[in-house]
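Enquirer: protein31.cif is reproduced below (mmCIF, C-alpha atoms).
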data_structure
#
loop_
_atom_site.label_atom_id
_atom_site.label_comp_id
_atom_site.auth_asym_id
_atom_site.auth_seq_id
_atom_site.Cartn_x
_atom_site.Cartn_y
_atom_site.Cartn_z
CA MET A 1 -157.08 -38.34 83.23
CA SER A 2 -158.67 -34.98 82.34
CA SER A 3 -157.52 -31.89 84.22
CA PHE A 4 -160.93 -30.24 83.88
CA ASN A 5 -162.27 -28.98 87.22
CA PRO A 6 -166.05 -28.47 87.07
CA TYR A 7 -166.01 -26.40 90.26
CA GLN A 8 -163.85 -23.75 88.58
CA GLN A 9 -165.34 -23.70 85.12
CA ASN A 10 -166.23 -20.45 83.38
CA ILE A 11 -169.75 -19.13 82.87
CA THR A 12 -170.32 -16.79 79.94
CA ILE A 13 -172.70 -13.86 80.40
CA THR A 14 -173.68 -11.53 77.55
CA THR A 15 -174.32 -7.85 78.24
CA SER A 16 -177.19 -5.84 76.77
CA ASP A 17 -175.00 -4.61 73.89
CA GLY A 18 -173.97 -8.18 72.99
CA THR A 19 -170.53 -8.19 74.62
CA PRO A 20 -169.75 -11.50 76.35
CA PHE A 21 -167.72 -11.83 79.53
CA ASN A 22 -166.80 -14.76 81.76
CA ILE A 23 -167.17 -15.42 85.45
CA THR A 24 -166.06 -18.53 87.31
CA MET A 25 -168.01 -20.85 89.54
CA THR A 26 -165.92 -19.54 92.44
CA ASP A 27 -167.18 -16.01 91.72
CA LEU A 28 -170.77 -17.25 91.65
CA ASP A 29 -170.35 -19.18 94.90
CA GLY A 30 -168.84 -16.12 96.56
CA TYR A 31 -171.78 -14.02 95.36
CA VAL A 32 -174.29 -16.45 96.89
CA GLN A 33 -172.36 -16.81 100.13
CA GLU A 34 -172.06 -13.05 100.51
CA GLY A 35 -175.81 -12.62 100.24
CA ILE A 36 -176.59 -15.43 102.69
CA THR A 37 -173.96 -14.43 105.27
CA THR A 38 -174.84 -10.74 105.22
CA CYS A 39 -178.60 -11.33 105.43
CA VAL A 40 -178.17 -13.73 108.36
CA ASP A 41 -176.01 -11.14 110.12
CA TYR A 42 -178.47 -8.29 109.44
CA GLY A 43 -181.41 -10.48 110.47
CA ALA A 44 -179.80 -11.34 113.80
CA GLN A 45 -179.03 -7.66 114.45
CA LEU A 46 -182.58 -6.68 113.51
CA GLY A 47 -184.10 -9.26 115.86
CA ALA A 48 -181.86 -8.18 118.75
CA SER A 49 -182.72 -4.51 118.16
CA VAL A 50 -186.47 -5.17 118.09
CA VAL A 51 -186.32 -7.24 121.29
CA THR A 52 -184.28 -4.53 123.06
CA PHE A 53 -186.71 -1.84 121.83
CA VAL A 54 -189.73 -3.70 123.25
CA MET A 55 -187.86 -4.51 126.48
CA LEU A 56 -186.88 -0.86 126.92
CA LEU A 57 -190.49 0.28 126.52
CA LEU A 58 -191.86 -2.33 128.91
CA LEU A 59 -189.27 -2.18 131.68
CA THR A 60 -188.40 1.52 131.90
CA ARG A 61 -190.24 3.38 134.64
CA PRO A 62 -192.34 6.43 133.64
CA GLN A 63 -190.09 8.93 135.40
CA LYS A 64 -187.02 7.58 133.55
CA ARG A 65 -188.79 7.95 130.19
CA ARG A 66 -188.55 11.75 130.52
CA SER A 67 -184.73 11.73 130.48
CA ALA A 68 -182.70 12.75 127.45
CA VAL A 69 -180.62 9.56 127.59
CA PHE A 70 -183.78 7.42 127.33
CA GLY A 71 -184.94 9.43 124.31
CA LEU A 72 -181.57 9.08 122.61
CA ASN A 73 -181.38 5.33 123.31
CA LEU A 74 -184.91 4.83 121.97
CA ALA A 75 -184.17 6.93 118.88
CA ALA A 76 -180.95 4.99 118.28
CA LEU A 77 -182.82 1.68 118.41
CA CYS A 78 -185.46 2.97 115.96
CA LEU A 79 -182.77 4.26 113.59
CA ASN A 80 -180.87 0.98 113.80
CA ILE A 81 -184.01 -1.01 113.00
CA ALA A 82 -184.75 1.26 110.00
CA ARG A 83 -181.13 1.02 108.82
CA LEU A 84 -181.12 -2.77 108.95
CA VAL A 85 -184.43 -3.00 107.08
CA CYS A 86 -182.99 -0.81 104.30
CA GLU A 87 -179.81 -2.87 104.23
CA ILE A 88 -181.79 -6.10 103.88
CA LEU A 89 -183.91 -4.57 101.10
CA PHE A 90 -180.72 -4.19 99.04
CA PHE A 91 -180.46 -7.98 98.74
CA THR A 92 -184.09 -8.31 97.61
CA GLY A 93 -183.84 -5.56 94.97
CA ALA A 94 -182.44 -5.26 91.47
CA PHE A 95 -178.98 -4.22 92.68
CA PHE A 96 -178.28 -7.79 93.81
CA GLU A 97 -179.60 -9.59 90.74
CA THR A 98 -176.95 -11.86 89.26
CA TYR A 99 -176.65 -10.05 85.94
CA ALA A 100 -176.60 -6.56 87.49
CA TYR A 101 -174.12 -7.65 90.17
CA PHE A 102 -171.52 -9.02 87.72
CA SER A 103 -172.08 -6.74 84.71
CA GLY A 104 -172.59 -3.43 86.52
CA ASP A 105 -175.64 -2.75 84.32
CA TYR A 106 -178.24 -1.16 86.60
CA ALA A 107 -180.77 -0.24 83.91
CA ARG A 108 -183.51 -2.28 85.67
CA VAL A 109 -182.86 -0.81 89.09
CA LYS A 110 -185.92 1.09 90.31
CA PRO A 111 -185.83 4.46 92.07
CA SER A 112 -187.09 2.72 95.22
CA ASN A 113 -183.93 0.60 95.25
CA TYR A 114 -181.78 3.73 95.07
CA ALA A 115 -183.89 5.33 97.80
CA SER A 116 -183.50 2.39 100.21
CA SER A 117 -179.71 2.33 99.67
CA ILE A 118 -179.35 6.05 100.32
CA LEU A 119 -181.70 5.92 103.31
CA ALA A 120 -179.51 3.21 104.86
CA MET A 121 -176.55 5.63 104.73
CA VAL A 122 -178.61 8.49 106.18
CA PHE A 123 -179.94 6.32 109.01
CA LEU A 124 -176.39 5.16 109.77
CA ALA A 125 -175.14 8.75 110.06
CA LEU A 126 -178.08 9.74 112.30
CA LEU A 127 -177.52 6.61 114.36
CA GLU A 128 -173.90 7.52 115.00
CA ILE A 129 -174.95 11.04 116.03
CA CYS A 130 -177.44 9.58 118.56
CA ILE A 131 -174.81 7.21 119.95
CA GLN A 132 -172.22 9.98 120.32
CA CYS A 133 -174.74 12.34 121.99
CA SER A 134 -175.80 9.59 124.40
CA LEU A 135 -172.18 8.84 125.30
CA ILE A 136 -171.30 12.48 125.88
CA LEU A 137 -174.40 13.02 128.07
CA GLN A 138 -173.48 10.03 130.20
CA THR A 139 -169.91 11.32 130.43
CA LEU A 140 -171.19 14.67 131.71
CA ALA A 141 -173.37 12.90 134.26
CA ILE A 142 -170.56 10.72 135.58
CA CYS A 143 -168.10 13.65 135.73
CA ALA A 144 -170.52 16.05 137.43
CA ASN A 145 -168.63 15.99 140.74
CA LEU A 146 -165.21 16.73 139.24
CA PRO A 147 -163.54 20.13 139.70
CA THR A 148 -164.59 22.74 137.14
CA LEU A 149 -161.29 22.69 135.25
CA GLN A 150 -161.20 18.91 134.88
CA LYS A 151 -164.85 18.83 133.88
CA HIS A 152 -164.28 21.45 131.16
CA LEU A 153 -161.23 19.55 129.90
CA PHE A 154 -163.23 16.31 129.69
CA LEU A 155 -166.06 18.13 127.93
CA GLY A 156 -163.73 19.82 125.44
CA PHE A 157 -161.84 16.64 124.55
CA SER A 158 -165.10 14.67 124.28
CA THR A 159 -166.53 17.30 121.94
CA VAL A 160 -163.46 17.07 119.69
CA VAL A 161 -163.72 13.26 119.55
CA VAL A 162 -167.44 13.42 118.72
CA ALA A 163 -166.96 16.18 116.11
CA VAL A 164 -164.17 14.35 114.26
CA THR A 165 -166.00 11.00 114.28
CA THR A 166 -169.30 12.54 113.15
CA GLY A 167 -167.59 14.63 110.45
CA PHE A 168 -165.95 11.59 108.87
CA ARG A 169 -169.28 9.73 108.97
CA LEU A 170 -171.14 12.58 107.25
CA ALA A 171 -168.42 12.79 104.59
CA GLU A 172 -168.72 9.06 103.89
CA MET A 173 -172.51 9.35 103.71
CA ALA A 174 -172.33 12.13 101.13
CA LEU A 175 -169.72 10.42 98.94
CA ASN A 176 -171.43 7.03 99.14
CA ALA A 177 -174.79 8.54 98.19
CA LYS A 178 -173.16 10.35 95.25
CA CYS A 179 -171.54 7.14 94.02
CA THR A 180 -174.83 5.25 94.36
CA ILE A 181 -176.81 7.81 92.35
CA THR A 182 -174.20 8.04 89.59
CA ASP A 183 -173.60 4.24 89.51
CA LEU A 184 -169.90 4.69 90.28
CA PRO A 185 -167.86 2.25 92.39
CA PHE A 186 -167.04 3.26 95.96
CA THR A 187 -163.69 1.42 95.90
CA GLN A 188 -161.64 4.63 95.80
CA PHE A 189 -163.19 5.68 99.13
CA ILE A 190 -162.76 2.39 100.97
CA TRP A 191 -160.10 4.08 103.09
CA LEU A 192 -162.78 6.46 104.37
CA GLU A 193 -164.99 3.57 105.46
CA LYS A 194 -162.07 1.94 107.28
CA ALA A 195 -161.16 5.25 108.91
CA ASN A 196 -164.76 5.62 110.11
CA THR A 197 -164.67 2.17 111.70
CA ILE A 198 -161.40 2.98 113.47
CA LEU A 199 -162.66 6.37 114.67
CA MET A 200 -165.91 4.88 115.91
CA ALA A 201 -164.02 2.22 117.87
CA ILE A 202 -161.66 4.85 119.30
CA SER A 203 -164.57 7.05 120.34
CA ILE A 204 -166.37 4.20 122.10
CA CYS A 205 -163.16 3.07 123.82
CA PHE A 206 -162.47 6.64 124.92
CA PHE A 207 -165.85 7.09 126.59
CA SER A 208 -165.81 3.58 128.02
CA THR A 209 -162.37 4.26 129.54
CA ILE A 210 -163.74 7.34 131.28
CA PHE A 211 -166.68 5.33 132.63
CA MET A 212 -164.44 2.51 133.81
CA TYR A 213 -161.96 4.84 135.52
CA LYS A 214 -164.64 6.76 137.41
CA LEU A 215 -166.60 3.66 138.33
CA ALA A 216 -163.52 1.69 139.41
CA PHE A 217 -162.42 4.59 141.60
CA SER A 218 -165.92 4.86 143.14
CA ILE A 219 -166.06 1.10 143.78
CA TYR A 220 -162.61 1.25 145.41
CA ARG A 221 -163.67 4.09 147.69
CA ARG A 222 -166.86 2.28 148.63
CA ARG A 223 -164.89 -0.84 149.51
CA GLN A 224 -162.65 1.25 151.74
CA LEU A 225 -165.80 2.36 153.54
CA GLY A 226 -166.89 -1.27 153.96
CA ILE A 227 -169.62 -1.22 151.27
CA ARG A 228 -169.22 -4.44 149.30
CA GLN A 229 -172.76 -4.99 148.07
CA PHE A 230 -173.24 -5.55 144.34
CA GLY A 231 -175.00 -2.47 143.01
CA PRO A 232 -175.43 -0.21 140.00
CA MET A 233 -171.76 0.84 139.95
CA GLN A 234 -170.61 -2.74 139.51
CA ALA A 235 -173.21 -3.28 136.78
CA LEU A 236 -172.11 -0.14 134.94
CA PHE A 237 -168.44 -1.11 135.29
CA ILE A 238 -169.05 -4.58 133.81
CA MET A 239 -171.05 -3.20 130.88
CA SER A 240 -168.48 -0.44 130.25
CA CYS A 241 -165.74 -3.07 129.96
CA GLN A 242 -167.90 -5.04 127.56
CA THR A 243 -168.82 -1.96 125.52
CA MET A 244 -165.14 -1.07 125.15
CA ILE A 245 -163.75 -4.52 124.32
CA VAL A 246 -166.34 -5.94 121.90
CA PRO A 247 -166.43 -3.00 119.39
CA ALA A 248 -162.62 -3.01 119.36
CA ILE A 249 -162.71 -6.72 118.47
CA PHE A 250 -165.13 -6.08 115.59
CA ALA A 251 -162.97 -3.20 114.33
CA ILE A 252 -159.91 -5.47 114.28
CA LEU A 253 -161.83 -8.29 112.59
CA GLN A 254 -162.76 -5.96 109.73
CA PHE A 255 -159.09 -5.93 108.70
CA ALA A 256 -158.32 -9.56 109.60
CA SER A 257 -161.46 -11.34 108.34
CA ASP A 258 -163.25 -11.75 105.01
CA VAL A 259 -166.73 -11.74 106.60
CA PRO A 260 -168.73 -9.04 104.77
CA GLU A 261 -170.17 -6.08 106.71
CA ILE A 262 -168.76 -7.28 110.03
CA ASN A 263 -168.21 -3.67 111.12
CA SER A 264 -171.99 -3.20 111.11
CA ASN A 265 -172.12 -5.19 114.34
CA ILE A 266 -170.35 -2.36 116.18
CA PHE A 267 -173.36 -0.07 115.93
CA THR A 268 -175.89 -2.73 116.88
CA PHE A 269 -173.84 -3.87 119.86
CA VAL A 270 -173.45 -0.34 121.22
CA VAL A 271 -177.13 0.50 120.58
CA ILE A 272 -178.18 -2.59 122.55
CA SER A 273 -175.60 -2.20 125.33
CA LEU A 274 -176.53 1.37 126.29
CA PRO A 275 -180.19 0.74 127.30
CA VAL A 276 -179.44 -2.69 128.76
CA THR A 277 -176.78 -1.06 130.98
CA SER A 278 -179.32 1.46 132.29
CA LEU A 279 -181.94 -1.21 132.96
CA TRP A 280 -179.48 -3.46 134.78
CA ALA A 281 -178.11 -0.60 136.88
CA SER A 282 -181.60 0.57 137.89
CA ALA A 283 -182.56 -2.98 138.84
CA THR A 284 -179.60 -3.30 141.25
CA LEU A 285 -180.23 -0.19 143.33
CA PRO A 286 -179.44 -1.14 146.94
CA GLY A 287 -181.81 -0.28 149.76
CA HIS A 288 -184.79 0.24 147.48
CA SER A 289 -187.71 -2.13 147.64
CA LYS A 290 -189.97 -2.71 144.68
CA SER A 291 -192.82 -0.77 146.31
CA SER A 292 -190.62 2.27 147.04
CA LEU A 293 -189.30 2.32 143.47
CA ASP A 294 -192.86 2.10 142.16
CA SER A 295 -193.89 5.06 144.33
CA GLU A 296 -190.84 7.15 143.33
CA SER A 297 -190.50 6.41 139.61
CA GLY A 298 -193.83 4.79 138.79
CA LYS A 299 -194.52 1.27 137.68
CA PRO A 300 -192.95 0.02 134.44
CA LEU A 301 -195.34 -0.60 131.57
CA TRP A 302 -194.72 -4.37 131.86
CA ASN A 303 -195.86 -4.39 135.50
CA MET A 304 -198.99 -2.40 134.68
CA LEU A 305 -199.89 -4.71 131.80
CA SER A 306 -199.23 -7.87 133.84
CA SER A 307 -201.15 -6.59 136.87
CA SER A 308 -204.14 -5.56 134.76
CA SER A 309 -204.21 -8.90 132.96
CA SER A 310 -203.89 -10.85 136.22
CA SER A 311 -206.63 -8.82 137.92
CA GLY A 312 -208.87 -9.30 134.90
CA SER A 313 -208.32 -13.06 134.91
CA SER A 314 -208.90 -13.22 138.69
CA GLU A 315 -212.15 -11.30 138.33
CA THR A 316 -213.28 -13.58 135.53
CA LEU A 317 -212.38 -16.65 137.58
CA SER A 318 -214.22 -15.29 140.62
CA ARG A 319 -217.32 -14.54 138.57
CA SER A 320 -217.30 -18.01 137.07
CA HIS A 321 -217.00 -19.59 140.50
CA HIS A 322 -219.79 -17.45 141.90
CA HIS A 323 -221.94 -18.34 138.93
CA SER A 324 -221.30 -22.05 139.50
CA LEU A 325 -222.10 -21.65 143.17
CA GLY A 326 -225.34 -19.86 142.41
CA SER A 327 -226.49 -22.53 139.97
CA THR A 328 -225.40 -25.71 141.74
CA ALA A 329 -225.15 -24.99 145.46
CA SER A 330 -227.96 -25.92 147.75
CA PRO A 331 -229.50 -23.13 149.82
CA PRO A 332 -227.77 -22.58 153.15
CA ARG A 333 -229.27 -24.33 156.10
CA ALA A 334 -229.90 -22.57 159.39
CA GLY A 335 -228.34 -23.84 162.54
CA TYR A 336 -224.64 -23.46 161.75
CA GLN A 337 -222.75 -23.09 165.00
CA ASP A 338 -219.79 -21.23 163.51
CA LEU A 339 -218.26 -20.04 160.21
CA GLU A 340 -215.93 -23.04 159.95
CA ARG A 341 -218.88 -25.36 159.27
CA GLY A 342 -220.17 -23.00 156.56
CA LYS A 343 -217.02 -23.13 154.42
CA TYR A 344 -218.18 -26.12 152.40
CA THR A 345 -220.98 -26.14 149.85
CA VAL A 346 -221.19 -28.97 147.30
CA GLY A 347 -217.51 -29.84 147.76
CA ILE A 348 -216.14 -26.33 147.10
CA ARG A 349 -214.29 -24.36 149.77
CA ARG A 350 -215.63 -20.80 149.74
CA ASP A 351 -212.44 -19.41 151.30
CA SER A 352 -210.44 -20.80 148.36
CA LEU A 353 -212.12 -18.26 146.12
CA LEU A 354 -210.41 -15.46 148.05
CA GLN A 355 -206.89 -16.76 147.31
#
Hey, can you dump this file as structure tokens for me?

Expert:
Amino acid sequence: MSSFNPYQQNITITTSDGTPFNITMTDLDGYVQEGITTCVDYGAQLGASVVTFVMLLLLTRPQKRRSAVFGLNLAALCLNIARLVCEILFFTGAFFETYAYFSGDYARVKPSNYASSILAMVFLALLEICIQCSLILQTLAICANLPTLQKHLFLGFSTVVVAVTTGFRLAEMALNAKCTITDLPFTQFIWLEKANTILMAISICFFSTIFMYKLAFSIYRRRQLGIRQFGPMQALFIMSCQTMIVPAIFAILQFASDVPEINSNIFTFVVISLPVTSLWASATLPGHSKSSLDSESGKPLWNMLSSSSSSGSSETLSRSHHHSLGSTASPPRAGYQDLERGKYTVGIRRDSLLQ
């Protein structure tokens, strides 16, 4: 019986200068699987970011749109969407063609392909800056009532964490862009990419720990006062736990799993969690009715759009009914004793038009 295994046979590829080299079927299968897996992952992140972006625009009240945190969250979503589009374009360009991928010959790669790859790195660095600024602003807000010394200590340590994390990210962006332009491998700087993932996870866990500590202490004090209603503090505490645990899991999986670009999910998860946390917390404010919130902060864009569309449809329906009444109803007869007898004309209740 032959020992030939067709699933591991060699495939010969000839370079542009006539030099042949071999790849195996396993290499080719891995190349295809990498493209499919990464594009599915990026596509799911892109869809989630777009949905969160639209939801944030529709559900945020006008007064909240003037805050710095809202602007940073919106900018982070836009940057994440742009980053993911550029990342997906890599797999549709000449960089990911079979011959270029295995031979390292990028003679057919267009300048637009280089531009999209470099833009993805720039967007990623700007995205991390937006995330870090949003986290530090929320830390300042939640520590506003602390004594001056403790508040300055928190601010100083937070600034150091943000500066170190952002500095490593900018260094990786510059080196990666240089390697891309000069067609050099980035393998010698893989340690920098891993260090960035670890630092990003540490930064998020640090800020989330501060949120959780302050919120847990506030919830405990409120329970001592007999306030047990589910409110914005509970919502923020739950989302802070989630925002701390999930990025840490993705950071660990980068070293324990062979799934490509799994660390990219950290940014998307944090970018989505921050605005969703704010929306959930604002929706659970105790003692505030919908009408009072509308008068204080204004109606969300979704409410204004839905109310205008419903009023337009009601007006159209009313006009159609009045038109049908004018064309088919018989003229009113005198001698009605009361209004109750005048509610019917050709089988249609006139008071139903007011509902």

Enquirer: Which one is closest to Phe207 in chain A: A:Ala94, A:Leu140, A:Met121, A:Ala68? Count only C-alpha atoms.

Expert: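 For Phe207 in chain A, the nearest of the candidates is A:Leu140.
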
Enquirer: What's the 9 Å shell around range 102-112 of chain A, counting all atoms listed in the file, without same-chain residues fewer than 2 positions away, as JSON, numbers by chain?

Expert: {"A": [13, 14, 15, 16, 21, 23, 93, 94, 95, 97, 98, 99, 100, 114, 115, 116, 117, 183]}

Enquirer: Decode the PyMOL selection byres ((chain A and resi 126) around 12) for the given file into explicit residues and return them as a count of residues only.

Expert: 29

Enquirer: As a short mmCIF file (atom, residue, chain, number, x, y, z; two decimals) with C-alpha atoms, keeping the file's coordinate frame, please: the residues near Cys205 in chain A (cut-off 12 Å, only C-alpha atoms, same-chain neighbours under 4 positions excluded).

Expert:
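That gives us selection-v3.cif:
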data_model
loop_
_atom_site.label_atom_id
_atom_site.label_comp_id
_atom_site.auth_asym_id
_atom_site.auth_seq_id
_atom_site.Cartn_x
_atom_site.Cartn_y
_atom_site.Cartn_z
CA GLN A 132 -172.22 9.98 120.32
CA LEU A 135 -172.18 8.84 125.30
CA SER A 158 -165.10 14.67 124.28
CA VAL A 161 -163.72 13.26 119.55
CA ILE A 198 -161.40 2.98 113.47
CA LEU A 199 -162.66 6.37 114.67
CA MET A 200 -165.91 4.88 115.91
CA ALA A 201 -164.02 2.22 117.87
CA THR A 209 -162.37 4.26 129.54
CA ILE A 210 -163.74 7.34 131.28
CA PHE A 211 -166.68 5.33 132.63
CA MET A 212 -164.44 2.51 133.81
CA TYR A 213 -161.96 4.84 135.52
CA SER A 240 -168.48 -0.44 130.25
CA CYS A 241 -165.74 -3.07 129.96
CA GLN A 242 -167.90 -5.04 127.56
CA THR A 243 -168.82 -1.96 125.52
CA MET A 244 -165.14 -1.07 125.15
CA ILE A 245 -163.75 -4.52 124.32
CA VAL A 246 -166.34 -5.94 121.90
CA PRO A 247 -166.43 -3.00 119.39
CA ALA A 248 -162.62 -3.01 119.36
CA ILE A 249 -162.71 -6.72 118.47
CA ALA A 251 -162.97 -3.20 114.33
CA ILE A 266 -170.35 -2.36 116.18
CA VAL A 270 -173.45 -0.34 121.22
#

Enquirer: Looking at all atoms listed in the file, which of A:Leu59, A:Leu192, A:Cys179, A:Ile88 is the one that sits closest to Val276 in chain A?

Expert: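 Using all atoms listed in the file, Val276 in chain A sits closest to A:Leu59.
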
Enquirer: Need to verify the contact set: Lys214 in chain A, 8 Å, all atoms listed in the file, exclusion of same-chain residues closer than 4 positions in sequence. Can you return it as a PyMOL selection string?

Expert: chain A and resi 142-143+210+218

Enquirer: Counting all atoms listed in the file, which residue out of A:Ile190, A:Val69, A:Val160, A:Ile118 sits closest to Ala174 in chain A?

Expert: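 Checking each of A:Ile190, A:Val69, A:Val160, A:Ile118 against Ala174 in chain A, counting all atoms listed in the file, the winner is A:Ile118.
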
Enquirer: Go ahead and compute the interatomic distance for CA of Glu261 in chain A and CA of Phe90 in chain A, in Å to one decimal.

Expert: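 Straight-line distance from CA of Glu261 in chain A to CA of Phe90 in chain A works out to 13.2 Å.
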
Enquirer: Using all atoms listed in the file for the distances, tell me which of A:Leu184, A:Cys86, A:Ile11, A:Ala195 is nearest to Met25 in chain A.

Expert: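 Distance minimum relative to Met25 in chain A lands on A:Ile11.
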
Enquirer: With only C-alpha atoms as the counted atoms, please give the residues lying no more than 8 Å from Ala48 in chain A, apart from itself and same-chain residues fewer than 4 positions off, as a list in words.

Expert: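 Answer for this query is Ala44, Thr52 and Ile272 of chain A.
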
Enquirer: Between CA of Leu149 in chain A and CA of Arg222 in chain A, measure the distance and give it in Å to one decimal.

Expert: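 Calculated distance between CA of Leu149 in chain A and CA of Arg222 in chain A is 25.0 Å.
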
Enquirer: If the box runs along x, y and z of the file and leaves 6 Å on each side of range 135-146 of chain A, what are its centre and edge lengths in Å, one decimal, as JSON?

Expert:
{"center_x": -169.8, "center_y": 12.8, "center_z": 133.0, "size_x": 21.2, "size_y": 19.9, "size_z": 27.4}

Enquirer: For Glu34 in chain A, work out the shell of residues within 9 Å, counting only C-alpha atoms and skipping chain neighbours fewer than 5 positions away, then give it as a PyMOL selection string.

Expert: chain A and resi 29+39+259-260

Enquirer: Do you have the CA of Asn145 in chain A-CA of Leu56 in chain A distance handy?

Expert: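 Calculated distance between CA of Asn145 in chain A and CA of Leu56 in chain A is 28.4 Å.
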
Enquirer: Out of A:Asn5, A:Leu274, A:Asn113, A:Phe168, which residue has the shortest atom-to-atom distance to Leu137 in chain A when counting only C-alpha atoms?

Expert: A:Leu274

Enquirer: Expand the PyMOL selection byres ((chain A and resi 264) around 9) into the explicit residue set it covers here, and present it as a list in words.

Expert: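 Applied to this file, the PyMOL selection byres ((chain A and resi 264) around 9) returns Asp41, Tyr42, Gln45, Phe250, Glu261, Ile262, Asn263, Asn265, Ile266, Phe267, Thr268 and Phe269 of chain A.
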
Enquirer: Looking at A:Ala144, A:Val50, A:Arg221, A:Phe91, which one is nearest to Tyr31 in chain A, with distances taken over all atoms listed in the file?

Expert: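 Among the listed residues, the smallest separation from Tyr31 in chain A belongs to A:Phe91.
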
Enquirer: Please return range 204-209 of chain A, rebuilt to all heavy atoms, as a PDB file, keeping the file's coordinate frame.

Expert:
ATOM      1  N   ILE A 204    -165.708   5.041 121.103  1.00  0.00           N
ATOM      2  CA  ILE A 204    -166.370   4.200 122.100  1.00  0.00           C
ATOM      3  C   ILE A 204    -165.389   3.798 123.202  1.00  0.00           C
ATOM      4  O   ILE A 204    -165.728   3.821 124.391  1.00  0.00           O
ATOM      5  CB  ILE A 204    -166.975   2.954 121.415  1.00  0.00           C
ATOM      6  CG1 ILE A 204    -168.094   3.371 120.464  1.00  0.00           C
ATOM      7  CG2 ILE A 204    -167.515   1.968 122.451  1.00  0.00           C
ATOM      8  CD1 ILE A 204    -168.576   2.261 119.566  1.00  0.00           C
ATOM      9  N   CYS A 205    -164.169   3.438 122.819  1.00  0.00           N
ATOM     10  CA  CYS A 205    -163.160   3.070 123.820  1.00  0.00           C
ATOM     11  C   CYS A 205    -162.803   4.252 124.710  1.00  0.00           C
ATOM     12  O   CYS A 205    -162.573   4.084 125.915  1.00  0.00           O
ATOM     13  CB  CYS A 205    -161.913   2.532 123.125  1.00  0.00           C
ATOM     14  SG  CYS A 205    -162.140   0.933 122.317  1.00  0.00           S
ATOM     15  N   PHE A 206    -162.773   5.455 124.139  1.00  0.00           N
ATOM     16  CA  PHE A 206    -162.470   6.640 124.920  1.00  0.00           C
ATOM     17  C   PHE A 206    -163.511   6.873 126.009  1.00  0.00           C
ATOM     18  O   PHE A 206    -163.186   7.049 127.194  1.00  0.00           O
ATOM     19  CB  PHE A 206    -162.374   7.858 123.998  1.00  0.00           C
ATOM     20  CG  PHE A 206    -162.375   9.181 124.714  1.00  0.00           C
ATOM     21  CD1 PHE A 206    -161.268   9.600 125.432  1.00  0.00           C
ATOM     22  CD2 PHE A 206    -163.488   9.999 124.680  1.00  0.00           C
ATOM     23  CE1 PHE A 206    -161.274  10.816 126.099  1.00  0.00           C
ATOM     24  CE2 PHE A 206    -163.499  11.215 125.345  1.00  0.00           C
ATOM     25  CZ  PHE A 206    -162.388  11.629 126.054  1.00  0.00           C
ATOM     26  N   PHE A 207    -164.789   6.872 125.616  1.00  0.00           N
ATOM     27  CA  PHE A 207    -165.850   7.090 126.590  1.00  0.00           C
ATOM     28  C   PHE A 207    -165.941   5.944 127.595  1.00  0.00           C
ATOM     29  O   PHE A 207    -166.173   6.165 128.789  1.00  0.00           O
ATOM     30  CB  PHE A 207    -167.193   7.284 125.881  1.00  0.00           C
ATOM     31  CG  PHE A 207    -167.319   8.603 125.181  1.00  0.00           C
ATOM     32  CD1 PHE A 207    -167.345   8.678 123.802  1.00  0.00           C
ATOM     33  CD2 PHE A 207    -167.414   9.773 125.903  1.00  0.00           C
ATOM     34  CE1 PHE A 207    -167.464   9.890 123.154  1.00  0.00           C
ATOM     35  CE2 PHE A 207    -167.532  10.998 125.264  1.00  0.00           C
ATOM     36  CZ  PHE A 207    -167.554  11.063 123.889  1.00  0.00           C
ATOM     37  N   SER A 208    -165.753   4.721 127.110  1.00  0.00           N
ATOM     38  CA  SER A 208    -165.810   3.580 128.020  1.00  0.00           C
ATOM     39  C   SER A 208    -164.672   3.627 129.037  1.00  0.00           C
ATOM     40  O   SER A 208    -164.841   3.242 130.196  1.00  0.00           O
ATOM     41  CB  SER A 208    -165.747   2.261 127.227  1.00  0.00           C
ATOM     42  OG  SER A 208    -166.848   2.146 126.360  1.00  0.00           O
ATOM     43  N   THR A 209    -163.495   4.123 128.608  1.00  0.00           N
ATOM     44  CA  THR A 209    -162.370   4.260 129.540  1.00  0.00           C
ATOM     45  C   THR A 209    -162.686   5.257 130.648  1.00  0.00           C
ATOM     46  O   THR A 209    -162.356   5.041 131.819  1.00  0.00           O
ATOM     47  CB  THR A 209    -161.107   4.684 128.783  1.00  0.00           C
ATOM     48  OG1 THR A 209    -160.825   3.727 127.750  1.00  0.00           O
ATOM     49  CG2 THR A 209    -159.912   4.780 129.713  1.00  0.00           C
TER      50      THR A 209
END
